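Raw contents of protein-v2.txt, compact mmCIF, C-alpha atoms:
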# COMPACT_ATOMS: atom_id res chain seq x y z
CA MET Y 1 0.00 0.00 0.00
CA LEU Y 2 2.87 2.35 0.85
CA ARG Y 3 4.54 1.74 -2.51
CA GLN Y 4 1.26 2.30 -4.32
CA ALA Y 5 0.59 5.55 -2.52
CA LEU Y 6 4.07 6.93 -3.05
CA SER Y 7 4.06 6.03 -6.73
CA VAL Y 8 1.51 8.81 -7.25
CA GLY Y 9 4.25 11.39 -6.99
CA LYS Y 10 6.88 9.51 -8.99
CA THR Y 11 6.72 11.68 -12.08
CA GLN Y 12 6.81 14.93 -10.15
CA LEU Y 13 9.61 13.86 -7.83
CA THR Y 14 12.05 12.63 -10.46
CA ARG Y 15 14.49 15.48 -10.92
CA GLY Y 16 18.08 16.03 -11.97
CA TYR Y 17 20.61 17.14 -9.40
CA ALA Y 18 24.09 18.49 -9.96
CA THR Y 19 26.94 16.45 -8.56
CA ALA Y 20 29.90 18.37 -9.91
CA VAL Y 21 31.14 21.51 -8.20
CA SER Y 22 29.77 24.54 -10.04
CA THR Y 23 28.23 27.91 -9.29
CA LYS Y 24 24.81 26.52 -10.19
CA ALA Y 25 22.69 25.46 -7.24
CA PRO Y 26 22.22 21.66 -7.14
CA ILE Y 27 18.48 21.98 -6.46
CA THR Y 28 15.87 24.62 -7.05
CA LEU Y 29 14.42 26.17 -3.92
CA PHE Y 30 11.47 28.52 -3.82
CA GLY Y 31 10.21 31.14 -1.42
CA ILE Y 32 12.11 34.09 0.01
CA ASP Y 33 14.42 31.87 2.06
CA GLY Y 34 15.11 29.64 -0.94
CA ARG Y 35 16.00 32.56 -3.21
CA TYR Y 36 18.35 34.16 -0.70
CA ALA Y 37 20.00 30.84 0.17
CA THR Y 38 20.52 30.12 -3.53
CA ALA Y 39 22.08 33.54 -4.09
CA LEU Y 40 24.43 32.97 -1.15
CA PHE Y 41 25.31 29.48 -2.42
CA GLN Y 42 26.15 30.79 -5.88
CA ALA Y 43 28.24 33.64 -4.48
CA ALA Y 44 30.15 31.23 -2.24
CA ALA Y 45 30.62 28.68 -5.05
CA SER Y 46 32.06 31.32 -7.37
CA ARG Y 47 34.79 31.97 -4.79
CA ASN Y 48 35.25 28.33 -3.75
CA ALA Y 49 33.97 29.20 -0.29
CA LEU Y 50 30.96 26.93 0.16
CA ALA Y 51 32.38 25.22 3.24
CA THR Y 52 33.55 28.51 4.73
CA VAL Y 53 30.10 30.06 4.47
CA GLU Y 54 28.58 26.85 5.81
CA SER Y 55 30.81 27.12 8.87
CA ASP Y 56 29.81 30.77 9.35
CA LEU Y 57 26.13 29.88 9.27
CA LYS Y 58 26.60 26.96 11.66
CA ASN Y 59 28.22 29.30 14.15
CA ILE Y 60 25.37 31.81 13.87
CA GLU Y 61 22.79 29.04 14.20
CA ALA Y 62 24.56 27.73 17.31
CA GLN Y 63 24.40 31.16 18.91
CA PHE Y 64 20.71 31.45 18.04
CA ALA Y 65 20.18 28.10 19.77
CA LYS Y 66 21.94 29.33 22.91
CA ASP Y 67 19.95 32.54 23.06
CA ALA Y 68 16.59 32.63 21.24
CA ARG Y 69 16.38 36.35 21.91
CA LEU Y 70 19.07 37.02 19.31
CA ALA Y 71 16.82 35.99 16.43
CA GLU Y 72 13.91 37.94 17.93
CA VAL Y 73 15.99 41.11 18.29
CA LEU Y 74 17.32 40.86 14.73
CA SER Y 75 13.76 40.49 13.45
CA SER Y 76 12.43 43.38 15.51
CA PRO Y 77 11.33 46.45 13.52
CA MET Y 78 12.10 48.52 16.61
CA LEU Y 79 15.86 48.07 16.14
CA ASN Y 80 17.47 50.30 13.51
CA LYS Y 81 19.72 48.92 10.78
CA ALA Y 82 22.94 50.25 12.32
CA ALA Y 83 22.18 48.48 15.60
CA LYS Y 84 21.35 45.26 13.76
CA GLU Y 85 24.63 45.37 11.83
CA LYS Y 86 26.51 45.87 15.09
CA LEU Y 87 24.69 42.89 16.62
CA ILE Y 88 25.56 40.73 13.62
CA ASP Y 89 29.22 41.76 13.91
CA SER Y 90 29.15 40.61 17.54
CA LEU Y 91 28.23 37.08 16.46
CA GLY Y 92 31.85 36.32 15.68
CA LYS Y 93 34.30 36.46 12.81
CA LYS Y 94 32.76 35.75 9.42
CA SER Y 95 33.97 35.59 5.85
CA ASP Y 96 33.51 38.60 3.58
CA ILE Y 97 30.80 36.76 1.65
CA THR Y 98 28.76 36.04 4.78
CA THR Y 99 29.30 39.57 6.12
CA ASN Y 100 28.13 41.16 2.88
CA PHE Y 101 25.21 38.77 2.69
CA PHE Y 102 23.94 39.82 6.10
CA LYS Y 103 24.34 43.45 5.14
CA THR Y 104 22.06 42.73 2.20
CA LEU Y 105 19.54 41.03 4.48
CA THR Y 106 19.65 44.08 6.75
CA GLU Y 107 19.16 46.53 3.89
CA ASN Y 108 16.25 44.50 2.52
CA ASN Y 109 14.65 44.00 5.94
CA ARG Y 110 14.93 40.21 5.60
CA LEU Y 111 16.77 39.36 8.81
CA ASN Y 112 13.59 37.70 10.04
CA GLU Y 113 14.27 35.02 7.40
CA THR Y 114 17.73 34.18 8.81
CA SER Y 115 16.89 30.81 10.38
CA ARG Y 116 14.95 29.66 7.32
CA ILE Y 117 17.76 30.79 5.01
CA ILE Y 118 20.30 28.82 7.05
CA SER Y 119 18.07 25.75 6.80
CA ALA Y 120 17.73 26.22 3.05
CA TYR Y 121 21.50 26.59 2.66
CA LYS Y 122 21.90 23.29 4.52
CA SER Y 123 19.62 21.63 1.99
CA LEU Y 124 21.72 23.01 -0.85
CA MET Y 125 24.93 21.74 0.73
CA GLU Y 126 23.43 18.30 1.33
CA ALA Y 127 22.36 18.09 -2.31
CA GLN Y 128 25.82 19.24 -3.39
CA ARG Y 129 27.29 16.31 -1.45
CA GLY Y 130 24.81 13.86 -2.93
CA ILE Y 131 22.62 13.66 0.16
CA VAL Y 132 18.86 14.14 0.17
CA SER Y 133 16.72 14.46 3.28
CA VAL Y 134 13.19 13.12 3.26
CA VAL Y 135 10.92 14.23 6.10
CA VAL Y 136 8.17 11.76 6.96
CA THR Y 137 5.57 13.16 9.35
CA SER Y 138 3.33 10.64 11.09
CA ALA Y 139 0.84 10.73 13.96
CA GLN Y 140 3.07 8.37 15.96
CA SER Y 141 6.75 7.52 15.73
CA LEU Y 142 7.63 5.00 13.04
CA ASN Y 143 9.91 2.07 13.80
CA GLY Y 144 13.10 1.21 11.96
CA LYS Y 145 11.37 -1.33 9.72
CA ASP Y 146 8.80 1.24 8.56
CA LEU Y 147 11.48 3.85 7.85
CA LYS Y 148 13.54 1.32 5.89
CA GLN Y 149 10.48 0.41 3.80
CA ILE Y 150 9.90 4.09 3.02
CA LYS Y 151 13.55 4.57 2.07
CA ASP Y 152 13.52 1.47 -0.15
CA THR Y 153 10.31 2.58 -1.83
CA LEU Y 154 11.71 6.02 -2.59
CA THR Y 155 15.03 4.76 -3.93
CA LYS Y 156 14.23 1.44 -5.62
CA GLY Y 157 10.96 2.78 -6.99
CA GLY Y 158 12.79 5.60 -8.76
CA LEU Y 159 11.15 8.40 -6.78
CA ILE Y 160 14.59 9.62 -5.76
CA LYS Y 161 17.69 9.10 -7.85
CA ASP Y 162 21.10 10.61 -8.55
CA PHE Y 163 21.90 10.70 -4.82
CA LYS Y 164 24.59 8.85 -2.91
CA GLU Y 165 22.63 8.87 0.34
CA VAL Y 166 18.99 9.22 1.39
CA ASN Y 167 18.39 10.49 4.90
CA VAL Y 168 14.88 9.70 6.18
CA ILE Y 169 13.78 11.87 9.10
CA ASN Y 170 10.66 10.96 11.07
CA LYS Y 171 8.68 13.74 12.75
CA THR Y 172 5.49 13.26 14.73
CA ASN Y 173 2.36 15.38 14.55
CA PRO Y 174 -0.77 13.91 16.19
CA SER Y 175 -2.97 16.40 14.36
CA ILE Y 176 -2.63 14.50 11.06
CA LEU Y 177 -4.65 11.72 12.80
CA GLY Y 178 -3.10 8.87 10.79
CA GLY Y 179 -1.19 8.02 7.63
CA MET Y 180 1.82 10.16 6.77
CA VAL Y 181 3.08 13.21 4.93
CA VAL Y 182 6.26 12.75 2.87
CA GLU Y 183 8.27 15.88 2.04
CA PHE Y 184 11.18 15.92 -0.35
CA GLY Y 185 12.72 19.02 -1.86
CA ASP Y 186 9.87 21.24 -3.02
CA TYR Y 187 7.36 18.41 -3.13
CA THR Y 188 4.85 17.05 -0.64
CA ILE Y 189 2.90 13.80 -0.81
CA ASP Y 190 0.03 14.06 1.68
CA MET Y 191 -1.27 10.63 2.64
CA SER Y 192 -2.55 11.74 6.04
CA VAL Y 193 -6.06 11.20 7.33
CA SER Y 194 -6.42 14.91 8.04
CA GLY Y 195 -5.34 15.67 4.47
CA ARG Y 196 -7.95 13.32 3.06
CA LEU Y 197 -10.64 14.83 5.29
CA ALA Y 198 -9.67 18.33 4.14
CA LYS Y 199 -9.97 17.26 0.50
CA LEU Y 200 -13.34 15.66 1.20
CA GLU Y 201 -14.56 18.80 2.97
CA LYS Y 202 -13.47 20.95 0.02
CA LEU Y 203 -15.18 18.60 -2.42
CA LEU Y 204 -18.43 18.77 -0.43
CA THR Y 205 -18.17 22.57 -0.08
CA ASP Y 206 -17.58 23.00 -3.81
CA SER Y 207 -20.50 20.71 -4.61
CA ILE Y 208 -22.85 22.64 -2.35
CA SER Y 209 -21.79 26.01 -3.76
CA VAL Y 210 -22.49 24.94 -7.37
Would you encode the structure as structure tokens?
Amino acid sequence: MLRQALSVGKTQLTRGYATAVSTKAPITLFGIDGRYATALFQAAASRNALATVESDLKNIEAQFAKDARLAEVLSSPMLNKAAKEKLIDSLGKKSDITTNFFKTLTENNRLNETSRIISAYKSLMEAQRGIVSVVVTSAQSLNGKDLKQIKDTLTKGGLIKDFKEVNVINKTNPSILGGMVVEFGDYTIDMSVSGRLAKLEKLLTDSISV
């Protein structure tokens, strides 16, 4: 049943990914965070500084984890740009690329996207190394056998290819009631009970309104 359900998204999920080092992003990301992360990736790749920028972002993320107020302050409209730049400088030594990037975020009032941009950059770096992360959300935790079956279905069934490693991450969300939601790259396969109920509700609503 799992294989049958996942096969629905096979055509949409089959995509080409770059494996060679180049300035082109290995995957296409959308949204504000995706666009900024891609721009940063391309700038870093052009100067052979992908790992350096990655290290910068890891350090910033670690400091955000230690003090959640940092991210809140950077996102606050009450703090002027000069104060925000000074706060960013205090986060430690960074490469010129990362420093200039955060200046751009400050000028464009996009510092509130910092955590999401860092997450998106991680996805780009994983893809560059031939690693893809698949997030499987279920109402209850899945056991190792279930996760292996999902991984096998995605890889052997051709849903995911051109990767050296597939990393399956299980997250729990009781609100989906049952089933699962599989997220990969920019795609989502919703096989949850709550998703089916929402589709049914929409179908009934549309029918009534006609």
Which stretch 117-158 of chain Y residues have any atom within 12 Å of an atom of stretch 174-181 of chain Y, and for each, what is the nearest pair of atoms with distance in Å to one decimal, counting all atoms listed in the file, rows sorted by chain and number, as CSV?
residue,atom,partner,partner_atom,distance
Y:Val134,CA,Y:Val181,CA,10.2
Y:Val135,CA,Y:Val181,CA,8.0
Y:Val136,CA,Y:Val181,CA,5.7
Y:Thr137,CA,Y:Val181,CA,5.1
Y:Ser138,CA,Y:Met180,CA,4.6
Y:Ala139,CA,Y:Pro174,CA,4.2
Y:Gln140,CA,Y:Pro174,CA,6.7
Y:Ser141,CA,Y:Pro174,CA,9.9
Y:Leu142,CA,Y:Met180,CA,10.0
Y:Asp146,CA,Y:Met180,CA,11.5
Y:Leu147,CA,Y:Met180,CA,11.6
Y:Ile150,CA,Y:Met180,CA,10.8
Non-local contacts of stretch 55-59 of chain Y (12 Å; only C-alpha atoms; under 5 positions in same chain excluded) as a PyMOL selection string: chain Y and resi 37+40-41+44+49-50+64-66+88-99+101-102+114-122+125
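We find atom CA of Y:Ser192 and atom CA of Y:Asn170 to be spaced 14.2 Å apart.
A straight line drawn from atom CA of Y:Lys164 to atom CA of Y:Ser133 is 11.5 Å long.
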Y:Ala43 environment, 8 Å, all atoms listed in the file, sequence neighbours closer than 4 positions dropped, as a tab-separated table (two decimals) with C-alpha atoms, in the frame of the given file:
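Writing done, so here's around.tsv:
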chain	number	residue	atom	x	y	z
Y	23	THR	CA	28.23	27.91	-9.29
Y	39	ALA	CA	22.08	33.54	-4.09
Y	47	ARG	CA	34.79	31.97	-4.79
Y	97	ILE	CA	30.80	36.76	1.65
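Of the residues listed (Y:Asp190, Y:Lys151, Y:Ser76, Y:Asn100), Y:Asn100 shows the shortest atom-to-atom separation from Y:Val53; distances use all atoms listed in the file.
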Polymer residues at most 12 Å from (7.3, 30.6, 2.0) by all atoms listed in the file, as a VMD selection string: chain Y and resid 29 to 36 113 116 to 117 120 186
Atomic separation - atom CA of Y:Gln128 relative to atom CA of Y:Ile27, Å: 8.4 Å
Among listed residues Y:Lys199, Y:Arg129, Y:Lys148, Y:Lys84, nearest Y:Asn112 (using all atoms listed in the file): Y:Lys84
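The shortest atom-to-atom distance to Y:Asn109, with all atoms listed in the file taken into account, belongs to Y:Leu79 out of Y:Ala127, Y:Ala25, Y:Leu197, Y:Leu79.
Counting only C-alpha atoms and comparing Y:Glu126, Y:Leu74, Y:Thr28, Y:Ala198, the residue that lies closest to Y:Ala51 is Y:Glu126.
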